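File shown here: protein-v6.txt, holding compact mmCIF, C-alpha atoms.
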# COMPACT_ATOMS: atom_id res chain seq x y z
CA MET A 1 -74.45 77.23 -196.82
CA LYS A 2 -70.70 76.98 -196.47
CA ASN A 3 -70.78 75.54 -192.94
CA ALA A 4 -73.78 73.29 -193.50
CA GLU A 5 -72.01 70.18 -194.76
CA MET A 6 -74.32 67.57 -196.21
CA THR A 7 -73.85 64.19 -194.54
CA ARG A 8 -75.57 60.83 -194.42
CA THR A 9 -75.93 58.57 -191.41
CA ILE A 10 -75.53 54.84 -190.76
CA THR A 11 -75.74 53.00 -187.45
CA ALA A 12 -73.07 50.59 -186.34
CA GLN A 13 -74.27 47.06 -185.65
CA PRO A 14 -72.72 44.29 -183.57
CA LEU A 15 -70.36 42.16 -185.66
CA SER A 16 -71.54 38.67 -186.55
CA ALA A 17 -70.08 36.04 -188.84
CA ALA A 18 -73.28 35.83 -190.88
CA ALA A 19 -73.55 39.57 -191.53
CA PHE A 20 -69.83 39.83 -192.32
CA ALA A 21 -69.65 36.78 -194.60
CA PRO A 22 -69.82 38.72 -197.92
CA PHE A 23 -66.74 40.71 -196.88
CA GLY A 24 -64.58 38.23 -194.97
CA GLU A 25 -64.30 36.10 -191.87
CA VAL A 26 -64.82 36.92 -188.21
CA LEU A 27 -61.84 35.47 -186.31
CA GLU A 28 -63.13 34.38 -182.92
CA VAL A 29 -63.83 31.48 -180.62
CA SER A 30 -67.21 30.13 -181.62
CA GLY A 31 -68.68 26.69 -181.14
CA ASP A 32 -66.46 23.76 -180.26
CA PRO A 33 -62.74 23.89 -181.05
CA ASP A 34 -61.60 21.99 -184.14
CA LYS A 35 -59.00 20.28 -181.99
CA LEU A 36 -58.02 20.07 -178.34
CA ILE A 37 -54.25 20.28 -177.85
CA ASN A 38 -51.79 20.48 -174.94
CA ALA A 39 -53.43 17.68 -172.94
CA GLY A 40 -56.84 19.28 -173.30
CA LEU A 41 -55.75 22.66 -171.93
CA CYS A 42 -56.01 24.53 -175.26
CA GLY A 43 -58.69 24.66 -177.93
CA ARG A 44 -57.54 25.22 -181.49
CA PHE A 45 -60.04 27.00 -183.79
CA HIS A 46 -58.22 26.01 -186.93
CA ASP A 47 -57.43 27.96 -190.09
CA ARG A 48 -60.26 30.46 -189.86
CA ALA A 49 -59.20 33.03 -192.50
CA ARG A 50 -59.15 32.84 -196.28
CA LEU A 51 -55.65 34.17 -196.96
CA ASP A 52 -55.30 35.15 -200.61
CA PHE A 53 -52.22 36.88 -202.01
CA ALA A 54 -51.30 37.69 -205.61
CA GLN A 55 -47.58 37.85 -206.37
CA GLY A 56 -46.61 38.13 -202.75
CA ARG A 57 -46.67 36.27 -199.46
CA ALA A 58 -48.22 36.48 -196.00
CA GLY A 59 -46.48 38.63 -193.40
CA ILE A 60 -47.16 39.83 -189.88
CA SER A 61 -47.04 43.54 -189.14
CA ILE A 62 -48.08 45.54 -186.07
CA PHE A 63 -50.33 48.57 -186.54
CA ASP A 64 -50.52 51.33 -183.93
CA ALA A 65 -53.52 53.53 -184.75
CA THR A 66 -54.91 56.65 -183.12
CA PRO A 67 -58.24 55.97 -181.34
CA ARG A 68 -61.36 57.63 -182.78
CA SER A 69 -64.81 58.01 -181.24
CA LEU A 70 -68.44 57.69 -182.26
CA PRO A 71 -70.07 59.37 -184.08
CA HIS A 72 -67.36 58.73 -186.69
CA ARG A 73 -67.04 60.53 -190.01
CA LEU A 74 -66.31 58.27 -192.99
CA ASP A 75 -65.01 60.15 -196.02
CA LEU A 76 -62.61 57.58 -197.49
CA LEU A 77 -62.78 53.94 -198.49
CA GLU A 78 -59.83 51.85 -199.61
CA ARG A 79 -59.11 48.38 -200.88
CA HIS A 80 -56.13 46.15 -201.55
CA PRO A 81 -56.49 44.47 -204.94
CA ASP A 82 -53.57 42.09 -204.39
CA GLY A 83 -54.35 40.60 -201.03
CA SER A 84 -56.55 39.77 -198.07
CA GLN A 85 -55.93 41.67 -194.83
CA ALA A 86 -56.58 40.38 -191.32
CA PHE A 87 -56.80 42.56 -188.20
CA LEU A 88 -56.33 40.94 -184.80
CA PRO A 89 -56.69 43.30 -181.84
CA MET A 90 -53.94 43.03 -179.21
CA HIS A 91 -56.38 44.28 -176.60
CA GLN A 92 -59.91 43.71 -175.32
CA ASN A 93 -61.57 46.94 -176.38
CA PRO A 94 -64.34 47.27 -178.97
CA TRP A 95 -63.37 48.80 -182.32
CA LEU A 96 -65.07 49.71 -185.54
CA VAL A 97 -64.88 48.06 -188.95
CA ILE A 98 -66.58 49.58 -191.99
CA VAL A 99 -67.02 47.69 -195.26
CA ALA A 100 -68.88 48.25 -198.52
CA THR A 101 -69.71 46.22 -201.60
CA ASP A 102 -68.81 49.30 -203.66
CA PRO A 103 -67.72 52.89 -202.88
CA ASP A 104 -71.10 54.14 -204.17
CA ALA A 105 -73.12 51.69 -202.04
CA THR A 106 -74.28 52.34 -198.49
CA PRO A 107 -71.47 51.00 -196.27
CA LEU A 108 -71.96 48.67 -193.32
CA ALA A 109 -70.41 49.58 -189.96
CA PHE A 110 -69.74 46.87 -187.39
CA LEU A 111 -68.83 47.26 -183.75
CA VAL A 112 -66.24 44.56 -183.09
CA ALA A 113 -66.48 42.98 -179.66
CA PRO A 114 -63.57 41.92 -177.41
CA GLY A 115 -62.19 38.61 -178.63
CA GLN A 116 -63.03 39.23 -182.28
CA GLY A 117 -60.74 39.92 -185.22
CA VAL A 118 -61.61 40.10 -188.91
CA ASN A 119 -60.09 39.01 -192.19
CA LEU A 120 -61.06 41.12 -195.19
CA HIS A 121 -61.17 39.23 -198.46
CA ARG A 122 -58.87 40.44 -201.22
CA GLY A 123 -60.29 43.56 -202.86
CA THR A 124 -62.91 44.34 -200.20
CA TRP A 125 -63.69 48.06 -199.82
CA HIS A 126 -63.20 49.16 -196.21
CA GLY A 127 -62.58 52.13 -193.96
CA VAL A 128 -59.18 52.66 -192.38
CA LEU A 129 -58.36 50.93 -189.12
CA THR A 130 -60.57 52.52 -186.45
CA PRO A 131 -59.88 51.68 -182.81
CA LEU A 132 -62.20 53.35 -180.33
CA HIS A 133 -59.87 53.16 -177.32
CA ALA A 134 -56.16 53.32 -176.56
CA PRO A 135 -54.00 51.43 -177.25
CA GLY A 136 -54.88 51.06 -180.94
CA LEU A 137 -52.65 48.00 -181.33
CA PHE A 138 -53.38 45.33 -183.92
CA ALA A 139 -51.53 42.43 -185.47
CA VAL A 140 -52.10 42.59 -189.22
CA ILE A 141 -51.62 39.63 -191.55
CA ASP A 142 -51.52 40.90 -195.09
CA ARG A 143 -49.61 40.77 -198.34
CA ILE A 144 -45.90 41.48 -198.40
CA GLY A 145 -44.77 42.23 -201.93
CA ASP A 146 -44.02 44.85 -204.55
CA GLY A 147 -46.53 47.35 -205.92
CA ALA A 148 -48.88 49.83 -204.28
CA ASN A 149 -51.68 47.30 -203.61
CA LEU A 150 -53.94 50.22 -202.68
CA GLU A 151 -56.96 51.93 -204.20
CA GLU A 152 -58.59 54.85 -202.42
CA ARG A 153 -61.92 56.59 -203.00
CA ARG A 154 -63.11 59.82 -201.40
CA ILE A 155 -66.74 59.48 -200.26
CA GLU A 156 -68.90 62.53 -200.95
CA PRO A 157 -71.05 63.37 -199.10
CA PRO A 158 -69.44 61.61 -196.11
CA TRP A 159 -71.21 59.09 -193.90
CA ILE A 160 -71.61 59.63 -190.18
CA VAL A 161 -71.44 56.35 -188.23
CA THR A 162 -73.42 56.40 -184.99
CA GLU A 163 -73.57 54.15 -181.93
CA PRO A 164 -75.71 51.01 -182.04
CA THR A 165 -79.17 51.74 -180.69
CA MET B 1 -38.57 9.40 -151.11
CA LYS B 2 -41.69 8.78 -153.16
CA ASN B 3 -43.25 12.20 -152.50
CA ALA B 4 -40.04 14.17 -152.72
CA GLU B 5 -39.98 14.91 -156.45
CA MET B 6 -36.71 16.26 -157.70
CA THR B 7 -37.12 19.56 -159.53
CA ARG B 8 -34.94 22.32 -160.91
CA THR B 9 -35.71 26.03 -160.89
CA ILE B 10 -35.42 28.86 -163.41
CA THR B 11 -36.56 32.45 -163.06
CA ALA B 12 -38.70 34.14 -165.71
CA GLN B 13 -37.18 37.30 -167.19
CA PRO B 14 -38.83 40.18 -169.01
CA LEU B 15 -39.03 39.51 -172.75
CA SER B 16 -36.69 41.50 -174.97
CA ALA B 17 -35.93 41.27 -178.66
CA ALA B 18 -32.21 40.82 -178.02
CA ALA B 19 -32.62 37.94 -175.56
CA PHE B 20 -35.23 36.25 -177.76
CA ALA B 21 -33.33 36.62 -181.05
CA PRO B 22 -31.89 33.07 -181.13
CA PHE B 23 -35.44 31.68 -180.93
CA GLY B 24 -37.54 34.08 -182.95
CA GLU B 25 -38.91 37.61 -183.14
CA VAL B 26 -40.71 39.76 -180.60
CA LEU B 27 -43.74 41.28 -182.36
CA GLU B 28 -44.27 44.70 -180.86
CA VAL B 29 -44.20 48.42 -181.45
CA SER B 30 -40.59 49.50 -181.02
CA GLY B 31 -38.79 52.51 -182.40
CA ASP B 32 -40.28 54.50 -185.26
CA PRO B 33 -42.85 52.88 -187.55
CA ASP B 34 -41.59 51.71 -190.92
CA LYS B 35 -44.39 53.65 -192.55
CA LEU B 36 -47.10 56.11 -191.53
CA ILE B 37 -50.43 55.33 -193.20
CA ASN B 38 -54.01 56.59 -193.05
CA ALA B 39 -53.07 60.29 -193.20
CA GLY B 40 -50.57 59.85 -190.40
CA LEU B 41 -53.06 58.27 -188.00
CA CYS B 42 -51.54 54.78 -188.08
CA GLY B 43 -47.98 53.52 -187.77
CA ARG B 44 -47.11 50.33 -189.64
CA PHE B 45 -44.35 48.20 -188.13
CA HIS B 46 -43.82 46.18 -191.25
CA ASP B 47 -43.23 42.47 -191.76
CA ARG B 48 -41.76 41.71 -188.37
CA ALA B 49 -41.85 37.88 -188.37
CA ARG B 50 -39.78 35.33 -190.28
CA LEU B 51 -42.54 33.07 -191.55
CA ASP B 52 -41.11 29.77 -192.75
CA PHE B 53 -43.25 26.84 -193.85
CA ALA B 54 -42.24 23.54 -195.44
CA GLN B 55 -44.84 21.93 -197.71
CA GLY B 56 -47.65 24.03 -196.39
CA ARG B 57 -48.91 27.58 -196.12
CA ALA B 58 -49.60 30.28 -193.54
CA GLY B 59 -52.96 30.22 -191.78
CA ILE B 60 -54.64 32.07 -188.94
CA SER B 61 -56.12 30.09 -186.05
CA ILE B 62 -57.47 31.18 -182.68
CA PHE B 63 -56.22 29.42 -179.55
CA ASP B 64 -58.19 29.45 -176.30
CA ALA B 65 -55.92 28.22 -173.51
CA THR B 66 -56.50 27.63 -169.82
CA PRO B 67 -54.64 30.19 -167.66
CA ARG B 68 -51.81 28.92 -165.49
CA SER B 69 -49.99 30.63 -162.62
CA LEU B 70 -46.46 31.06 -161.34
CA PRO B 71 -44.60 29.11 -160.12
CA HIS B 72 -45.16 26.99 -163.23
CA ARG B 73 -44.08 23.38 -163.68
CA LEU B 74 -42.46 22.61 -167.05
CA ASP B 75 -42.33 18.91 -167.84
CA LEU B 76 -42.79 18.96 -171.61
CA LEU B 77 -41.16 20.71 -174.53
CA GLU B 78 -42.37 20.55 -178.11
CA ARG B 79 -41.36 21.79 -181.53
CA HIS B 80 -42.79 22.04 -185.02
CA PRO B 81 -40.22 20.85 -187.57
CA ASP B 82 -42.24 22.06 -190.56
CA GLY B 83 -43.06 25.61 -189.64
CA SER B 84 -42.69 28.81 -187.66
CA GLN B 85 -45.43 29.65 -185.17
CA ALA B 86 -46.49 33.14 -184.09
CA PHE B 87 -48.58 33.94 -181.01
CA LEU B 88 -50.37 37.28 -180.83
CA PRO B 89 -52.31 37.87 -177.60
CA MET B 90 -55.86 39.19 -178.08
CA HIS B 91 -55.65 40.83 -174.66
CA GLN B 92 -53.36 43.00 -172.58
CA ASN B 93 -52.32 40.55 -169.90
CA PRO B 94 -48.81 39.23 -169.34
CA TRP B 95 -48.15 35.62 -170.34
CA LEU B 96 -45.27 33.20 -170.27
CA VAL B 97 -43.16 31.85 -173.11
CA ILE B 98 -40.54 29.16 -172.54
CA VAL B 99 -37.91 28.24 -175.14
CA ALA B 100 -34.81 26.05 -175.23
CA THR B 101 -31.95 25.46 -177.62
CA ASP B 102 -32.33 21.74 -176.92
CA PRO B 103 -34.55 19.60 -174.63
CA ASP B 104 -31.49 18.79 -172.52
CA ALA B 105 -30.40 22.41 -172.16
CA THR B 106 -31.58 24.78 -169.43
CA PRO B 107 -34.68 26.49 -170.85
CA LEU B 108 -35.27 30.22 -170.85
CA ALA B 109 -38.57 31.57 -169.52
CA PHE B 110 -39.80 35.00 -170.58
CA LEU B 111 -42.61 37.07 -169.12
CA VAL B 112 -44.33 38.64 -172.12
CA ALA B 113 -45.60 42.17 -171.51
CA PRO B 114 -48.87 43.67 -172.79
CA GLY B 115 -48.45 44.66 -176.43
CA GLN B 116 -45.95 41.91 -177.21
CA GLY B 117 -46.35 38.81 -179.35
CA VAL B 118 -43.72 36.32 -180.45
CA ASN B 119 -42.85 34.35 -183.55
CA LEU B 120 -41.00 31.09 -182.94
CA HIS B 121 -38.64 30.09 -185.70
CA ARG B 122 -39.28 26.76 -187.38
CA GLY B 123 -38.08 23.91 -185.20
CA THR B 124 -37.65 25.93 -181.99
CA TRP B 125 -38.20 23.94 -178.81
CA HIS B 126 -40.84 25.60 -176.62
CA GLY B 127 -43.31 25.04 -173.82
CA VAL B 128 -47.03 24.91 -174.57
CA LEU B 129 -49.01 28.15 -174.72
CA THR B 130 -49.10 29.53 -171.18
CA PRO B 131 -51.42 32.45 -170.45
CA LEU B 132 -51.35 33.68 -166.86
CA HIS B 133 -54.80 35.32 -166.89
CA ALA B 134 -58.22 34.78 -168.44
CA PRO B 135 -59.07 34.98 -171.26
CA GLY B 136 -56.28 32.86 -172.74
CA LEU B 137 -57.04 34.04 -176.27
CA PHE B 138 -54.35 34.20 -178.94
CA ALA B 139 -54.23 34.56 -182.70
CA VAL B 140 -51.78 31.98 -184.01
CA ILE B 141 -50.11 32.19 -187.42
CA ASP B 142 -48.60 28.84 -188.22
CA ARG B 143 -48.33 26.15 -190.85
CA ILE B 144 -51.43 24.67 -192.40
CA GLY B 145 -50.63 21.40 -194.11
CA ASP B 146 -50.48 17.64 -193.89
CA GLY B 147 -48.42 15.66 -191.41
CA ALA B 148 -48.05 15.78 -187.64
CA ASN B 149 -45.53 18.65 -187.58
CA LEU B 150 -44.99 17.96 -183.89
CA GLU B 151 -42.19 16.53 -181.75
CA GLU B 152 -42.61 16.28 -177.99
CA ARG B 153 -40.09 15.57 -175.23
CA ARG B 154 -40.83 14.85 -171.58
CA ILE B 155 -38.49 16.83 -169.33
CA GLU B 156 -37.15 14.88 -166.34
CA PRO B 157 -36.69 16.20 -163.74
CA PRO B 158 -39.13 19.04 -164.45
CA TRP B 159 -38.26 22.71 -164.24
CA ILE B 160 -40.12 25.09 -161.92
CA VAL B 161 -40.46 28.56 -163.39
CA THR B 162 -40.64 31.32 -160.80
CA GLU B 163 -41.62 35.00 -160.89
CA PRO B 164 -39.02 37.54 -161.97
CA THR B 165 -37.17 38.90 -158.94

Show this structure as structure tokens.
Amino acid sequence: MKNAEMTRTITAQPLSAAAFAPFGEVLEVSGDPDKLINAGLCGRFHDRARLDFAQGRAGISIFDATPRSLPHRLDLLERHPDGSQAFLPMHQNPWLVIVATDPDATPLAFLVAPGQGVNLHRGTWHGVLTPLHAPGLFAVIDRIGDGANLEERRIEPPWIVTEPT
Amino acid sequence: MKNAEMTRTITAQPLSAAAFAPFGEVLEVSGDPDKLINAGLCGRFHDRARLDFAQGRAGISIFDATPRSLPHRLDLLERHPDGSQAFLPMHQNPWLVIVATDPDATPLAFLVAPGQGVNLHRGTWHGVLTPLHAPGLFAVIDRIGDGANLEERRIEPPWIVTEPT
């Protein structure tokens, strides 16, 4: 049985604000802008993320991640107890975000569409950043401060995330 | 002479961190990452923007701006006295950023390459957000708080910004 790894399967679903609400915000253009600026040439969708940092401050970092592909093997979840974390793609390719209410619960996998970012609420369990195409470039707004601000949990047996049907 | 508007011309130049330093930071992957995370699969370019907010806090908004084209007519500069403002493109198209040390000084126009964002230091004079292609989608990290936080100056005669040679 050595080569017959036990796995479990979940299917990725399109990301929507309603489905993602327990975990964070979807950062996207939706509905009318909160304000029109620049003589009407720019819509401002204002203050869309719940930023939440303990003993630290907001900062902007750039992440450059190796693209993965579906089906994707999820064997690790992590969370940041001291701060929210927002991911804004610097590209127009779909990518994958995986979240869970608890490391022992069945995770949810979302296929993020072009034009969408996410903000994970402080302490939300999630998979590592998972672009599906090159370049895997993201602007990340998270906590800058002392301390590890990281908990990791191996997931056994792993989950296999498959394409939306 | 009514139809013969007087104008002045500047040429856009490729954006570089050194040329932009007096106005803010270029947010991009450059050099080695500050940290490798996610088992080596992601490079973190850490805390690259000088966020600076008076009587307010950082927030994330999404801007959806109408694309312009070159040559571009600049007849307005603005600045935000109470906070820095970062623009992260959610696409891989070039766009234009215009900055000036003073409304009466000759402005500098930069062509921003795919994979680059900028953070404008608090109080920096700049042109309005100027995408050159659709979609004109940007994540904006700026000050959330009370007050107008806006100064505008009409530029007369206007500047015409031309393509890099």

List every residue of chain A that has an atom at most 6 Å from any atom of chain B, and for each one report the closest atom pair and its distance in Å to one decimal, counting all atoms listed in the file, with rows sorted by chain and then by increasing residue number, as a Markdown table.
| residue | atom | partner | partner_atom | distance |
| --- | --- | --- | --- | --- |
| A:Leu41 | CA | B:Thr66 | CA | 5.5 |
| A:Cys42 | CA | B:Ala65 | CA | 4.1 |
| A:Gly43 | CA | B:Asp64 | CA | 5.1 |
| A:Arg44 | CA | B:Phe63 | CA | 4.8 |
| A:Phe45 | CA | B:Ile62 | CA | 5.0 |
| A:His46 | CA | B:Ser61 | CA | 4.7 |
| A:Asp47 | CA | B:Ser61 | CA | 4.8 |
| A:Arg48 | CA | B:Ser61 | CA | 5.6 |
| A:Ala49 | CA | B:Ile60 | CA | 5.9 |
| A:Gly59 | CA | B:Asp47 | CA | 5.3 |
| A:Ile60 | CA | B:Asp47 | CA | 5.1 |
| A:Ser61 | CA | B:His46 | CA | 4.7 |
| A:Ile62 | CA | B:Phe45 | CA | 5.0 |
| A:Phe63 | CA | B:Arg44 | CA | 4.8 |
| A:Asp64 | CA | B:Gly43 | CA | 5.1 |
| A:Ala65 | CA | B:Cys42 | CA | 4.1 |
| A:Thr66 | CA | B:Leu41 | CA | 5.5 |
| A:Pro89 | CA | B:Met90 | CA | 5.6 |
| A:Met90 | CA | B:Met90 | CA | 4.4 |
| A:His91 | CA | B:His91 | CA | 4.0 |
| A:Gln92 | CA | B:His91 | CA | 5.2 |

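Remark: for Glu152 of chain B, the closest of the candidate residues B:Arg122, B:His80, B:Arg73, B:Arg8 is B:His80 (distances computed over only C-alpha atoms).
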
Report as JSON the centre and the edge lengths, in Å to one decimal, of the axis-aligned box holding every listed atom of segment 101-115 of chain B, padded by 3 Å on each side.
{"center_x": -39.6, "center_y": 31.7, "center_z": -173.4, "size_x": 24.5, "size_y": 31.9, "size_z": 14.5}

Grab the atom CA of Leu120 of chain B to atom CA of Gly145 of chain A distance for me, in Å with one decimal place.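 One can read the atom CA of Leu120 of chain B to atom CA of Gly145 of chain A distance as 22.3 Å.
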
Do a neighbour search on Phe53 of chain B at 6 Å with only C-alpha atoms, toss out local chain neighbours closer than 2 positions, and write the hits as a list in words.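 Skipping anything fewer than 2 positions along the chain leaves Gly56, Asp82, Gly83 and Arg143 of chain B.
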
Just the selected residues (C-alpha atoms), exported as an mmCIF file, keeping the file's coordinate frame, please.
data_model
loop_
_atom_site.group_PDB
_atom_site.id
_atom_site.type_symbol
_atom_site.label_atom_id
_atom_site.label_comp_id
_atom_site.auth_asym_id
_atom_site.auth_seq_id
_atom_site.Cartn_x
_atom_site.Cartn_y
_atom_site.Cartn_z
ATOM 1 C CA GLY B 56 -47.650 24.030 -196.390
ATOM 2 C CA ASP B 82 -42.240 22.060 -190.560
ATOM 3 C CA GLY B 83 -43.060 25.610 -189.640
ATOM 4 C CA ARG B 143 -48.330 26.150 -190.850
#

Using only C-alpha atoms, which residues sit within 6 Å of segment 96-111 of chain B once same-chain residues fewer than 4 positions away are excluded, as a ChimeraX atom specification? /B:12-15,125-127,130
